[in-house]
Amino acid sequence: MRGTSGAERVVVLALDGVYPFELGIPSRILGAADGRYEVLTCTVDGRPVRTSSDFTVGVEHGPELLATADTVVIAPIAPDRMPPTSLPEEVRDALALIRPEARIVSICTGAFVLAAAGLLDGRRATTHWQLAGHFRRLFPHIDLDPDVLFVDDGRILTSAGAASGVDVCLHLVRKDHGSELANAVARRCVVPPFRDGGQAQYIEQPVPERGAASTAETRAWALERLHEPLTLADLADHARMSLRTFARRFNEEVGLSPGRWLIQQRVARARHLLEASDLPVDHIAGQVGFATGASLRQHLHAAIGVSPQAYRRTFQAAGR
């Protein structure tokens, strides 16, 4: 249900024990998208809610706002406030107001709320990696993937902990309006413009050991040369490391193998070119380092489940 300005209405549901940082993410990210979204916040009774910190937040809207939403975001709550397998009546009644066609997004532990409401039955989903075991014990029938930043399962999207809420909100902008606007939003908010949903949530050693060389410079070098047939040996040579040391350190810093990271960057660059240009698919494949158009089609389909032509049609329509 569009707002008075024609913007898509996004309603954020704040429950008792809400994390204040994540509560503000939709407004901060979607609110920077040139007026494309109207972001409002509600509670199940229109009253202030306690946060996970030492303060409460007051909002101007009650649950009736959910019935007007194009997109509903379930903000996360502290683990000790998470619902059991059945929700409090007032929460269940509030969720029942969401229109069948509305998109629903959860951040972090918000997935527990959706699962308890039965909205994730038969779907793939994610939540914070530390709570994966607890989630599976409560909801064994849900296909939980705790190793990704977010899952887009059509009408319902779930994201992992904290900053992955930024990733899923940027994904919404990119999906609705294209990468140019998403990138502009990211620049305004000083956040990375693109972290693929399949990227690992948790990296065992995100900070290199003292005195250890980083792969960051080599990654920047590779991004300028995606059109070239880069190999692991090329990357290791640039970093002045052995193949084994480079591969290990790269995985420690990025959470991905160099090969998978290169494919993700090439697919991301191809997506941008499909959105922003009319270049033929085979030409785009060459510009991003895939040997053939068929190779690009294969990798794009593996990443997002559509062909280059279908992807281009979707984003050209979104940009109108």
# chains A, B, ... in the order shown; residues from 1 in each chain; ligands from 1
>>> select_by_dssp(residues="region 156-310 of chain A", states="strand (DSSP E)", output="VMD selection string")
chain A and resid 156 to 159
>>> write_last_selection(atoms="N, CA and C atoms", output="PDB file, in the first residue's frame")
ATOM      1  N   ILE A 156       9.486 -13.878   1.538  1.00  0.00           N
ATOM      2  CA  ILE A 156      10.066 -13.780   2.881  1.00  0.00           C
ATOM      3  C   ILE A 156      11.587 -13.825   2.800  1.00  0.00           C
ATOM      4  N   LEU A 157      12.229 -12.856   3.455  1.00  0.00           N
ATOM      5  CA  LEU A 157      13.680 -12.797   3.508  1.00  0.00           C
ATOM      6  C   LEU A 157      14.103 -12.817   4.971  1.00  0.00           C
ATOM      7  N   THR A 158      15.158 -13.554   5.259  1.00  0.00           N
ATOM      8  CA  THR A 158      15.708 -13.605   6.609  1.00  0.00           C
ATOM      9  C   THR A 158      17.182 -13.245   6.544  1.00  0.00           C
ATOM     10  N   SER A 159      17.658 -12.558   7.573  1.00  0.00           N
ATOM     11  CA  SER A 159      19.066 -12.175   7.585  1.00  0.00           C
ATOM     12  C   SER A 159      19.699 -12.571   8.903  1.00  0.00           C
TER      13      SER A 159
END
>>> residues_around(residues="region 289-296 of chain A", least_positions_apart="4", cutoff="10 Å", atoms="only C-alpha atoms", output="PyMOL selection string")
chain A and resi 225-230+262-263+265-267+269-270+280-285+300-302+307-308
>>> write_last_selection(atoms="N, CA and C atoms", output="mmCIF file, in the first residue's frame")
data_model
loop_
_atom_site.group_PDB
_atom_site.id
_atom_site.type_symbol
_atom_site.label_atom_id
_atom_site.label_comp_id
_atom_site.auth_asym_id
_atom_site.auth_seq_id
_atom_site.Cartn_x
_atom_site.Cartn_y
_atom_site.Cartn_z
ATOM 1 N N ARG A 225 41.254 -6.057 -12.442
ATOM 2 C CA ARG A 225 41.659 -6.957 -13.527
ATOM 3 C C ARG A 225 40.712 -8.147 -13.670
ATOM 4 N N LEU A 226 39.448 -7.957 -13.340
ATOM 5 C CA LEU A 226 38.500 -9.069 -13.428
ATOM 6 C C LEU A 226 38.368 -9.602 -14.847
ATOM 7 N N HIS A 227 38.662 -8.767 -15.847
ATOM 8 C CA HIS A 227 38.559 -9.206 -17.239
ATOM 9 C C HIS A 227 39.689 -10.155 -17.628
ATOM 10 N N GLU A 228 40.716 -10.245 -16.802
ATOM 11 C CA GLU A 228 41.842 -11.115 -17.109
ATOM 12 C C GLU A 228 41.624 -12.508 -16.510
ATOM 13 N N PRO A 229 42.236 -13.536 -17.092
ATOM 14 C CA PRO A 229 42.081 -14.907 -16.574
ATOM 15 C C PRO A 229 42.955 -15.146 -15.334
ATOM 16 N N LEU A 230 42.604 -14.521 -14.236
ATOM 17 C CA LEU A 230 43.405 -14.593 -13.024
ATOM 18 C C LEU A 230 43.381 -16.005 -12.436
ATOM 19 N N LEU A 262 36.488 -14.696 -6.430
ATOM 20 C CA LEU A 262 36.602 -14.160 -7.789
ATOM 21 C C LEU A 262 35.295 -14.334 -8.554
ATOM 22 N N ILE A 263 34.684 -15.496 -8.430
ATOM 23 C CA ILE A 263 33.414 -15.734 -9.120
ATOM 24 C C ILE A 263 32.355 -14.765 -8.619
ATOM 25 N N GLN A 265 32.778 -11.784 -7.342
ATOM 26 C CA GLN A 265 33.057 -10.430 -7.830
ATOM 27 C C GLN A 265 32.706 -10.310 -9.305
ATOM 28 N N ARG A 266 32.963 -11.347 -10.087
ATOM 29 C CA ARG A 266 32.640 -11.316 -11.512
ATOM 30 C C ARG A 266 31.134 -11.309 -11.733
ATOM 31 N N VAL A 267 30.424 -12.094 -10.956
ATOM 32 C CA VAL A 267 28.967 -12.087 -11.066
ATOM 33 C C VAL A 267 28.409 -10.724 -10.661
ATOM 34 N N ARG A 269 29.900 -7.797 -10.840
ATOM 35 C CA ARG A 269 30.202 -6.840 -11.910
ATOM 36 C C ARG A 269 29.286 -7.076 -13.115
ATOM 37 N N ALA A 270 29.030 -8.334 -13.425
ATOM 38 C CA ALA A 270 28.133 -8.646 -14.542
ATOM 39 C C ALA A 270 26.725 -8.154 -14.263
ATOM 40 N N PRO A 280 25.722 -6.752 -25.131
ATOM 41 C CA PRO A 280 25.344 -8.155 -25.293
ATOM 42 C C PRO A 280 25.929 -9.011 -24.173
ATOM 43 N N VAL A 281 25.276 -10.102 -23.872
ATOM 44 C CA VAL A 281 25.705 -10.970 -22.776
ATOM 45 C C VAL A 281 27.121 -11.484 -23.009
ATOM 46 N N ASP A 282 27.433 -11.884 -24.238
ATOM 47 C CA ASP A 282 28.782 -12.396 -24.504
ATOM 48 C C ASP A 282 29.843 -11.328 -24.263
ATOM 49 N N HIS A 283 29.524 -10.080 -24.590
ATOM 50 C CA HIS A 283 30.470 -8.986 -24.374
ATOM 51 C C HIS A 283 30.674 -8.739 -22.878
ATOM 52 N N ILE A 284 29.579 -8.770 -22.128
ATOM 53 C CA ILE A 284 29.684 -8.597 -20.676
ATOM 54 C C ILE A 284 30.516 -9.723 -20.076
ATOM 55 N N ALA A 285 30.299 -10.941 -20.549
ATOM 56 C CA ALA A 285 31.075 -12.078 -20.035
ATOM 57 C C ALA A 285 32.568 -11.831 -20.194
ATOM 58 N N LEU A 300 25.622 -16.999 -13.147
ATOM 59 C CA LEU A 300 24.550 -16.112 -12.705
ATOM 60 C C LEU A 300 23.353 -16.933 -12.226
ATOM 61 N N HIS A 301 23.036 -17.989 -12.946
ATOM 62 C CA HIS A 301 21.914 -18.834 -12.541
ATOM 63 C C HIS A 301 22.209 -19.516 -11.213
ATOM 64 N N ALA A 302 23.456 -19.952 -11.022
ATOM 65 C CA ALA A 302 23.819 -20.578 -9.743
ATOM 66 C C ALA A 302 23.725 -19.588 -8.592
ATOM 67 N N SER A 307 18.395 -16.241 -15.653
ATOM 68 C CA SER A 307 19.292 -16.024 -16.785
ATOM 69 C C SER A 307 19.652 -14.547 -16.883
ATOM 70 N N PRO A 308 20.731 -14.199 -17.608
ATOM 71 C CA PRO A 308 21.070 -12.780 -17.791
ATOM 72 C C PRO A 308 19.927 -11.983 -18.419
#
>>> closest_residue(among="A:Ser164, A:Asn251, A:Gln309, A:Thr231", to="Leu279 (chain A)", atoms="only C-alpha atoms")
A:Gln309
>>> closest_residue(among="A:Thr71, A:Thr85, A:Ser277, A:Thr126", to="Gly161 (chain A)", atoms="only C-alpha atoms")
A:Thr126
>>> residues_around(residues="Ile77 (chain A)", least_positions_apart="4", cutoff="6 Å", atoms="only C-alpha atoms", output="list in words")
Gly17, Val18 and Tyr19 of chain A
>>> closest_residue(among="A:Ala94, A:Ala78, A:Val57, A:Leu144", to="Asp45 (chain A)", atoms="only C-alpha atoms")
A:Ala94
>>> residues_around(residues="Gly154 (chain A)", least_positions_apart="3", cutoff="12 Å", atoms="only C-alpha atoms", output="list of chain:residue names")
A:Glu101, A:Ala102, A:Arg103, A:Ile104, A:Val105, A:Leu120, A:Arg123, A:Arg124, A:Ala125, A:Val151, A:Leu157, A:Thr158, A:Leu172, A:Lys175, A:Ile304, A:Gly305
>>> write_last_selection(atoms="N, CA and C atoms", output="short mmCIF file (atom, residue, chain, number, x, y, z; two decimals), in the first residue's frame")
data_model
loop_
_atom_site.label_atom_id
_atom_site.label_comp_id
_atom_site.auth_asym_id
_atom_site.auth_seq_id
_atom_site.Cartn_x
_atom_site.Cartn_y
_atom_site.Cartn_z
N GLU A 101 0.04 -10.37 0.35
CA GLU A 101 0.98 -10.02 -0.70
C GLU A 101 2.17 -9.21 -0.19
N ALA A 102 2.16 -8.85 1.07
CA ALA A 102 3.26 -8.04 1.61
C ALA A 102 4.53 -8.86 1.75
N ARG A 103 5.66 -8.21 1.54
CA ARG A 103 6.97 -8.85 1.73
C ARG A 103 7.33 -8.76 3.21
N ILE A 104 7.98 -9.81 3.72
CA ILE A 104 8.35 -9.85 5.13
C ILE A 104 9.84 -10.10 5.25
N VAL A 105 10.51 -9.33 6.08
CA VAL A 105 11.95 -9.43 6.28
C VAL A 105 12.22 -9.55 7.78
N LEU A 120 7.74 -19.53 8.25
CA LEU A 120 8.93 -20.10 7.61
C LEU A 120 8.77 -21.58 7.30
N ARG A 123 10.34 -23.39 4.18
CA ARG A 123 11.22 -22.40 3.54
C ARG A 123 12.66 -22.55 4.03
N ARG A 124 13.57 -21.99 3.24
CA ARG A 124 14.96 -21.86 3.67
C ARG A 124 15.09 -20.53 4.39
N ALA A 125 15.89 -20.52 5.46
CA ALA A 125 16.01 -19.30 6.27
C ALA A 125 17.37 -19.27 6.94
N VAL A 151 18.98 -14.77 3.36
CA VAL A 151 18.31 -15.69 2.44
C VAL A 151 17.11 -14.97 1.84
N LEU A 157 12.23 -12.86 3.46
CA LEU A 157 13.68 -12.80 3.51
C LEU A 157 14.10 -12.82 4.97
N THR A 158 15.16 -13.55 5.26
CA THR A 158 15.71 -13.60 6.61
C THR A 158 17.18 -13.24 6.54
N LEU A 172 17.27 -5.27 -0.87
CA LEU A 172 15.92 -4.84 -1.24
C LEU A 172 15.98 -3.67 -2.22
N LYS A 175 17.17 -4.98 -5.54
CA LYS A 175 16.13 -5.81 -6.16
C LYS A 175 14.99 -4.96 -6.69
N ILE A 304 21.81 -16.55 -8.46
CA ILE A 304 20.51 -15.92 -8.18
C ILE A 304 19.34 -16.61 -8.87
N GLY A 305 19.61 -17.68 -9.62
CA GLY A 305 18.53 -18.50 -10.15
C GLY A 305 17.83 -17.98 -11.40
#
>>> atom_distance(atom1="CA of Glu64 (chain A)", atom2="CA of Pro26 (chain A)")
19.3 Å
>>> atom_distance(atom1="CA of Arg137 (chain A)", atom2="CA of Ala116 (chain A)")
12.4 Å
>>> closest_residue(among="A:Gly6, A:Gly286, A:Gly178, A:Pro146", to="Thr127 (chain A)", atoms="only C-alpha atoms")
A:Pro146
